[in-house]
>>> print(open('protein21.txt').read())   # compact mmCIF, C-alpha atoms and all ligand atoms
# COMPACT_ATOMS: atom_id res chain seq x y z
CA MET A 1405 0.00 0.00 0.00
CA TRP A 1406 2.73 2.49 0.97
CA THR A 1407 4.63 1.76 -2.22
CA ALA A 1408 1.50 2.48 -4.27
CA ILE A 1409 0.96 5.79 -2.42
CA LEU A 1410 4.60 6.75 -2.91
CA LEU A 1411 4.45 5.90 -6.60
CA SER A 1412 1.25 7.89 -7.03
CA ALA A 1413 2.85 10.92 -5.30
CA LEU A 1414 5.91 10.57 -7.49
CA ALA A 1415 3.90 10.19 -10.69
CA MET A 1416 1.81 13.25 -9.85
CA THR A 1417 4.96 15.31 -9.14
CA VAL A 1418 6.31 14.36 -12.57
CA ILE A 1419 2.95 15.21 -14.20
CA VAL A 1420 2.80 18.63 -12.50
CA ALA A 1421 6.42 19.36 -13.48
CA LEU A 1422 5.79 18.34 -17.10
CA ARG A 1423 2.57 20.35 -17.19
CA TYR A 1424 4.51 23.39 -15.97
CA ALA A 1425 7.35 22.85 -18.46
CA ALA A 1426 4.97 22.37 -21.39
CA THR A 1427 2.67 25.30 -20.59
CA SER A 1428 5.34 27.81 -19.56
CA GLY A 1429 7.56 26.62 -22.42
CA PHE A 1430 4.81 27.15 -24.96
CA PHE A 1431 3.91 30.65 -23.75
CA ALA A 1432 7.58 31.61 -23.36
CA TRP A 1433 8.01 30.61 -27.01
CA LEU A 1434 5.00 32.77 -27.97
CA THR A 1435 6.51 35.63 -25.94
CA GLU A 1436 9.81 35.30 -27.85
CA ARG A 1437 7.91 35.61 -31.12
CA ARG A 1438 6.00 38.61 -29.91
CA LEU A 1439 8.72 40.42 -27.97
CA PRO A 1440 11.97 39.11 -29.46
CA GLY A 1441 14.96 39.25 -27.12
CA ARG A 1442 12.88 39.93 -24.01
CA HIS A 1443 14.06 36.79 -22.26
CA LEU A 1444 17.74 37.31 -23.06
CA ALA A 1445 18.45 39.83 -20.32
CA LEU A 1446 16.31 37.83 -17.86
CA LYS A 1447 18.18 34.54 -18.16
CA PRO A 1448 19.50 34.32 -14.57
CA GLN A 1449 16.04 35.25 -13.24
CA ILE A 1450 14.36 32.64 -15.45
CA ARG A 1451 16.75 29.98 -14.17
CA ARG A 1452 15.68 30.85 -10.61
CA GLU A 1453 12.00 30.83 -11.62
CA ILE A 1454 12.37 27.33 -13.06
CA ARG A 1455 14.15 26.02 -9.95
CA TRP A 1456 11.51 27.38 -7.55
CA SER A 1457 8.74 26.14 -9.85
CA LEU A 1458 10.10 22.59 -9.95
CA ALA A 1459 10.30 22.55 -6.14
CA SER A 1460 6.67 23.75 -6.11
CA ALA A 1461 5.76 20.92 -8.50
CA ALA A 1462 6.72 18.41 -5.79
CA ILE A 1463 4.77 20.34 -3.15
CA TYR A 1464 1.70 20.35 -5.42
CA GLY A 1465 2.27 16.80 -6.67
CA VAL A 1466 2.59 14.91 -3.38
CA PRO A 1467 -0.82 15.72 -1.82
CA ALA A 1468 -2.47 15.40 -5.26
CA GLY A 1469 -0.87 11.98 -5.71
CA VAL A 1470 -1.93 10.75 -2.28
CA ILE A 1471 -5.51 11.87 -2.93
CA ALA A 1472 -5.54 10.37 -6.43
CA TRP A 1473 -4.56 7.05 -4.84
CA GLY A 1474 -7.28 7.40 -2.16
CA TRP A 1475 -9.86 8.24 -4.83
CA GLN A 1476 -9.01 5.15 -6.88
CA GLU A 1477 -8.40 2.69 -4.06
CA ARG A 1478 -10.53 3.89 -1.15
CA GLY A 1479 -13.33 5.93 -2.70
CA TRP A 1480 -12.14 9.13 -1.05
CA THR A 1481 -13.33 12.55 -2.22
CA ARG A 1482 -16.46 13.72 -3.99
CA ILE A 1483 -14.96 13.35 -7.46
CA TYR A 1484 -17.30 11.34 -9.69
CA ALA A 1485 -16.63 9.68 -13.04
CA ASP A 1486 -20.20 8.90 -14.10
CA TRP A 1487 -21.93 11.78 -15.93
CA GLY A 1488 -25.20 10.58 -14.45
CA GLY A 1489 -23.89 11.18 -10.92
CA TRP A 1490 -25.13 14.78 -10.91
CA PRO A 1491 -27.39 16.72 -13.31
CA LEU A 1492 -25.57 17.92 -16.41
CA TRP A 1493 -26.18 21.60 -15.61
CA TYR A 1494 -24.16 21.12 -12.45
CA ALA A 1495 -20.97 20.37 -14.45
CA PRO A 1496 -20.19 23.98 -15.50
CA LEU A 1497 -21.47 25.24 -12.14
CA SER A 1498 -18.97 23.01 -10.30
CA VAL A 1499 -16.14 24.56 -12.32
CA LEU A 1500 -17.33 28.04 -11.33
CA LEU A 1501 -17.63 27.01 -7.67
CA TYR A 1502 -14.05 25.69 -7.66
CA LEU A 1503 -12.72 28.85 -9.28
CA LEU A 1504 -14.65 31.09 -6.87
CA ALA A 1505 -13.47 29.14 -3.81
CA HIS A 1506 -9.86 29.06 -5.02
CA ASP A 1507 -10.00 32.78 -5.82
CA ALA A 1508 -11.31 33.66 -2.34
CA TRP A 1509 -8.62 31.55 -0.64
CA PHE A 1510 -5.93 33.04 -2.85
CA TYR A 1511 -7.07 36.64 -2.35
CA TRP A 1512 -6.96 36.46 1.44
CA THR A 1513 -3.80 34.38 1.82
CA HIS A 1514 -2.07 36.55 -0.81
CA ARG A 1515 -3.12 39.74 0.92
CA TRP A 1516 -1.91 38.34 4.22
CA MET A 1517 1.43 37.45 2.63
CA HIS A 1518 1.92 41.12 1.81
CA ARG A 1519 2.27 41.90 5.49
CA PRO A 1520 5.98 42.55 6.20
CA ARG A 1521 6.94 39.31 7.94
CA PRO A 1522 5.01 36.78 5.83
CA PHE A 1523 6.22 38.70 2.78
CA ARG A 1524 9.88 38.26 3.72
CA VAL A 1525 9.45 34.62 4.68
CA ALA A 1526 7.05 33.33 2.03
CA HIS A 1527 6.20 35.73 -0.75
CA ALA A 1528 9.39 37.66 -1.63
CA VAL A 1529 10.51 34.82 -3.89
CA HIS A 1530 7.51 35.32 -6.18
CA HIS A 1531 8.12 39.07 -6.35
CA ALA A 1532 11.83 38.59 -7.08
CA SER A 1533 10.67 38.17 -10.67
CA ARG A 1534 10.95 41.70 -11.97
CA PRO A 1535 9.35 41.68 -14.43
CA PRO A 1536 7.74 38.24 -14.17
CA THR A 1537 7.92 35.87 -17.15
CA ALA A 1538 5.93 32.87 -18.32
CA TRP A 1539 8.30 30.74 -16.20
CA ALA A 1540 7.24 32.52 -12.98
CA ALA A 1541 3.81 30.85 -12.88
CA MET A 1542 4.86 28.44 -10.11
CA SER A 1543 7.84 30.37 -8.79
CA PHE A 1544 6.95 30.29 -5.11
CA HIS A 1545 8.84 29.76 -1.89
CA PRO A 1546 7.86 26.35 -0.41
CA TRP A 1547 5.77 28.09 2.29
CA GLU A 1548 3.74 29.88 -0.33
CA ALA A 1549 3.54 26.73 -2.47
CA ILE A 1550 1.99 24.90 0.50
CA THR A 1551 -0.78 27.51 0.79
CA GLY A 1552 -1.53 26.94 -2.90
CA ALA A 1553 -1.14 23.17 -2.89
CA VAL A 1554 -3.82 22.50 -0.27
CA VAL A 1555 -6.69 24.24 -2.07
CA ILE A 1556 -7.82 21.75 -4.72
CA PRO A 1557 -7.08 18.69 -2.51
CA ALA A 1558 -9.34 20.23 0.17
CA LEU A 1559 -12.09 21.22 -2.29
CA VAL A 1560 -12.42 17.73 -3.76
CA PHE A 1561 -13.58 16.55 -0.34
CA LEU A 1562 -16.17 19.33 -0.11
CA ILE A 1563 -17.60 20.12 -3.55
CA PRO A 1564 -18.71 17.32 -5.92
CA ILE A 1565 -17.06 17.53 -9.34
CA HIS A 1566 -16.84 15.31 -12.41
CA VAL A 1567 -13.28 14.19 -13.02
CA ALA A 1568 -13.30 15.83 -16.49
CA MET A 1569 -14.49 19.14 -14.98
CA LEU A 1570 -11.66 18.90 -12.46
CA GLY A 1571 -9.39 18.66 -15.50
CA VAL A 1572 -10.98 21.87 -16.82
CA VAL A 1573 -10.37 23.63 -13.47
CA LEU A 1574 -6.71 22.54 -13.49
CA ALA A 1575 -6.30 23.63 -17.12
CA ILE A 1576 -7.74 27.10 -16.37
CA MET A 1577 -5.53 27.36 -13.29
CA THR A 1578 -2.42 26.41 -15.26
CA VAL A 1579 -3.02 28.57 -18.34
CA MET A 1580 -4.09 31.68 -16.38
CA GLY A 1581 -1.14 31.25 -14.00
CA VAL A 1582 1.22 31.38 -16.97
CA THR A 1583 -0.46 33.98 -19.20
CA ASN A 1584 -0.97 36.42 -16.31
CA HIS A 1585 2.80 36.52 -15.76
CA MET A 1586 4.18 36.66 -19.27
CA GLY A 1587 4.39 40.44 -19.58
CA TRP A 1588 1.99 41.01 -22.48
CA GLU A 1589 -1.74 40.78 -22.97
CA ILE A 1590 -2.84 37.74 -24.92
CA VAL A 1591 -6.56 38.49 -24.48
CA PRO A 1592 -7.89 40.86 -27.19
CA ARG A 1593 -7.93 44.44 -25.90
CA ARG A 1594 -11.63 44.77 -26.69
CA LEU A 1595 -12.41 41.86 -24.37
CA VAL A 1596 -10.11 43.14 -21.61
CA ASN A 1597 -11.90 46.49 -21.68
CA SER A 1598 -15.37 44.92 -21.86
CA ALA A 1599 -17.77 44.43 -18.97
CA LEU A 1600 -16.47 40.87 -18.54
CA GLY A 1601 -12.89 42.19 -18.36
CA GLY A 1602 -14.00 44.26 -15.41
CA TRP A 1603 -14.48 41.03 -13.45
CA VAL A 1604 -11.91 38.58 -14.85
CA ILE A 1605 -8.17 38.89 -14.25
CA THR A 1606 -5.75 38.90 -17.17
CA ALA A 1607 -2.08 39.90 -17.52
CA SER A 1608 -2.82 43.65 -17.48
CA HIS A 1609 -4.33 43.30 -14.02
CA HIS A 1610 -1.73 41.00 -12.42
CA GLN A 1611 1.18 42.93 -13.96
CA ARG A 1612 0.06 45.92 -11.90
CA HIS A 1613 0.30 43.78 -8.77
CA HIS A 1614 3.91 42.98 -9.66
CA GLU A 1615 4.66 46.66 -10.36
CA GLU A 1616 2.93 48.25 -7.37
CA TYR A 1617 2.63 45.37 -4.87
CA ARG A 1618 -0.21 46.40 -2.56
CA CYS A 1619 -3.13 46.16 -4.96
CA ASN A 1620 -4.75 43.70 -7.40
CA TYR A 1621 -4.35 40.62 -5.19
CA GLY A 1622 -6.91 38.36 -6.93
CA LEU A 1623 -6.28 35.17 -8.90
CA TYR A 1624 -9.16 34.71 -11.38
CA PHE A 1625 -11.71 37.40 -10.55
CA ARG A 1626 -11.60 41.06 -9.54
CA PHE A 1627 -14.57 40.61 -7.25
CA TRP A 1628 -12.67 40.64 -3.92
CA ASP A 1629 -10.32 43.42 -4.99
CA ARG A 1630 -13.27 45.58 -5.97
CA LEU A 1631 -15.20 44.78 -2.82
CA CYS A 1632 -12.22 45.54 -0.56
CA GLY A 1633 -11.00 48.61 -2.43
CA THR A 1634 -7.70 47.03 -3.50
CA ASP A 1635 -8.39 47.09 -7.25
CA ARG A 1636 -6.26 49.76 -8.95
CA GLY A 1637 -7.31 48.78 -12.45
CA LEU A 1638 -5.15 47.67 -15.35
CA TRP A 1639 -1.46 48.31 -15.98
CA ARG A 1640 -1.74 50.55 -18.99
CA SER A 1641 1.66 50.03 -20.57
CA LEU A 1642 1.11 46.34 -21.15
ZN ZN B 1 2.30 36.88 -9.61
ZN ZN B 2 2.04 39.40 -4.27
>>> encode(input="protein21.txt", output="structure tokens")
Amino acid sequence: MWTAILLSALAMTVIVALRYAATSGFFAWLTERRLPGRHLALKPQIRREIRWSLASAAIYGVPAGVIAWGWQERGWTRIYADWGGWPLWYAPLSVLLYLLAHDAWFYWTHRWMHRPRPFRVAHAVHHASRPPTAWAAMSFHPWEAITGAVVIPALVFLIPIHVAMLGVVLAIMTVMGVTNHMGWEIVPRRLVNSALGGWVITASHHQRHHEEYRCNYGLYFRFWDRLCGTDRGLWRSL
């Protein structure tokens, strides 16, 4: 049993690391095409971003692997594989619920990590990326990585979700984590400036967090920032 758990944790670490390498690699390649030479001067920083991100991959992978084993072998969690398990309309709703819960957790832990001591201990690593690149998506100190790694493993015990919809949540998490750090806006300007853009976070919003620190703390949505008066709007020069 312990060997199976260990193997599952190991496999999940490798999957998370490969997912990071593939996604960040792809968007870094797009960035090179769009802003040629941008990464050249940032090489030492990018090397650090990759090292921290790979350490984070293990921190994310181990709990995910243990839970994946428990789901398969012990029936843990509320993840279901049968589309008949819940009404079909619930499938997109479950994705939204996961994103909203993750966003709320992220907003408050992130805001807390901007207090002087937690910042020095846990969050300075992420802000050492100046400016951040596509490789910074998982560039966290292990303490910060732990606060991120517990979210989805906790939610799968609380909120029912189809395994394919969980895949959608993870894909959104991964792609937004990368694109919001790559230093240019991939979302069409018209959409960013639309009513929807007023509520959803893209690179122009998160870049401002990296430039000015104490604002724009959200992950997916601007809801908490707006409610708490920490939304300073978009970074115009992106
Ligand atoms: Zn960031
Ligand atoms: Zn921050």
>>> residues_near_point(input="protein21.txt", point="(7.4, 29.2, -13.3)", cutoff="6 Å", atoms="all atoms listed in the file", output="PyMOL selection string")
chain A and resi 1453-1454+1457+1539-1543
>>> closest_residue(input="protein21.txt", among="A:Ser1498, A:Ser1460, A:Thr1407, A:Asn1620", to="Tyr1424 in chain A", atoms="all atoms listed in the file")
A:Ser1460
>>> residues_near_ligand(input="protein21.txt", ligand="ligand ZN 2 (chain B)", cutoff="10 Å", atoms="only C-alpha atoms and all ligand atoms", output="VMD selection string")
chain A and resid 1511 1513 to 1518 1523 1527 to 1531 1610 1613 to 1622
>>> closest_residue(input="protein21.txt", among="A:Ala1532, A:Ile1590, A:Ala1461, A:Leu1574", to="ligand ZN 1 (chain B)", atoms="all atoms listed in the file")
A:Ala1532
>>> closest_residue(input="protein21.txt", among="A:Arg1593, A:His1585, A:Arg1636, A:Arg1630", to="ligand ZN 1 (chain B)", atoms="only C-alpha atoms and all ligand atoms")
A:His1585
>>> closest_residue(input="protein21.txt", among="A:Gln1449, A:Ser1641, A:Ser1428, A:Gln1476", to="Met1580 in chain A", atoms="only C-alpha atoms")
A:Ser1428
>>> residues_around(input="protein21.txt", residues="Ile1605 in chain A", least_positions_apart="5", cutoff="8 Å", atoms="all atoms listed in the file", output="PyMOL selection string")
chain A and resi 1584+1610+1622-1626
>>> atom_distance(input="protein21.txt", atom1="CA of Tyr1464 in chain A", atom2="CA of Trp1493 in chain A")
29.7 Å
>>> residues_around(input="protein21.txt", residues="Val1560 in chain A", least_positions_apart="5", cutoff="12 Å", atoms="all atoms listed in the file", output="ChimeraX atom specification")
/A:1467-1468,1471-1472,1474-1475,1479-1484,1498-1499,1501-1502,1505-1506,1554-1555,1565-1567,1569-1570,1573
>>> write_last_selection(input="protein21.txt", atoms="C-alpha atoms", output="PDB file, in the frame of the given file")
ATOM      1  CA  PRO A1467      -0.820  15.720  -1.820  1.00  0.00           C
ATOM      2  CA  ALA A1468      -2.470  15.400  -5.260  1.00  0.00           C
ATOM      3  CA  ILE A1471      -5.510  11.870  -2.930  1.00  0.00           C
ATOM      4  CA  ALA A1472      -5.540  10.370  -6.430  1.00  0.00           C
ATOM      5  CA  GLY A1474      -7.280   7.400  -2.160  1.00  0.00           C
ATOM      6  CA  TRP A1475      -9.860   8.240  -4.830  1.00  0.00           C
ATOM      7  CA  GLY A1479     -13.330   5.930  -2.700  1.00  0.00           C
ATOM      8  CA  TRP A1480     -12.140   9.130  -1.050  1.00  0.00           C
ATOM      9  CA  THR A1481     -13.330  12.550  -2.220  1.00  0.00           C
ATOM     10  CA  ARG A1482     -16.460  13.720  -3.990  1.00  0.00           C
ATOM     11  CA  ILE A1483     -14.960  13.350  -7.460  1.00  0.00           C
ATOM     12  CA  TYR A1484     -17.300  11.340  -9.690  1.00  0.00           C
ATOM     13  CA  SER A1498     -18.970  23.010 -10.300  1.00  0.00           C
ATOM     14  CA  VAL A1499     -16.140  24.560 -12.320  1.00  0.00           C
ATOM     15  CA  LEU A1501     -17.630  27.010  -7.670  1.00  0.00           C
ATOM     16  CA  TYR A1502     -14.050  25.690  -7.660  1.00  0.00           C
ATOM     17  CA  ALA A1505     -13.470  29.140  -3.810  1.00  0.00           C
ATOM     18  CA  HIS A1506      -9.860  29.060  -5.020  1.00  0.00           C
ATOM     19  CA  VAL A1554      -3.820  22.500  -0.270  1.00  0.00           C
ATOM     20  CA  VAL A1555      -6.690  24.240  -2.070  1.00  0.00           C
ATOM     21  CA  ILE A1565     -17.060  17.530  -9.340  1.00  0.00           C
ATOM     22  CA  HIS A1566     -16.840  15.310 -12.410  1.00  0.00           C
ATOM     23  CA  VAL A1567     -13.280  14.190 -13.020  1.00  0.00           C
ATOM     24  CA  MET A1569     -14.490  19.140 -14.980  1.00  0.00           C
ATOM     25  CA  LEU A1570     -11.660  18.900 -12.460  1.00  0.00           C
ATOM     26  CA  VAL A1573     -10.370  23.630 -13.470  1.00  0.00           C
TER      27      VAL A1573
END
>>> closest_residue(input="protein21.txt", among="A:Ala1549, A:Ser1608, A:Leu1562, A:Pro1536", to="ligand ZN 1 (chain B)", atoms="all atoms listed in the file")
A:Pro1536
>>> atom_distance(input="protein21.txt", atom1="CA of Leu1504 in chain A", atom2="CA of Thr1578 in chain A")
15.6 Å
>>> atom_distance(input="protein21.txt", atom1="CA of Trp1603 in chain A", atom2="CA of Pro1535 in chain A")
23.9 Å
>>> residues_around(input="protein21.txt", residues="Glu1589 in chain A", least_positions_apart="2", cutoff="10 Å", atoms="all atoms listed in the file", output="VMD selection string")
chain A and resid 1583 to 1587 1591 to 1593 1596 1606 to 1609 1611 1642
>>> closest_residue(input="protein21.txt", among="A:Leu1503, A:Leu1631, A:Ala1538, A:Ile1576", to="ligand ZN 1 (chain B)", atoms="only C-alpha atoms and all ligand atoms")
A:Ala1538
>>> axis_aligned_box(input="protein21.txt", around="range 1510-1518 of chain A", padding_each_side="6 Å", output="AutoDock Vina command-line options")
--center_x -2.6 --center_y 37.1 --center_z 0.7 --size_x 21.0 --size_y 20.1 --size_z 19.1
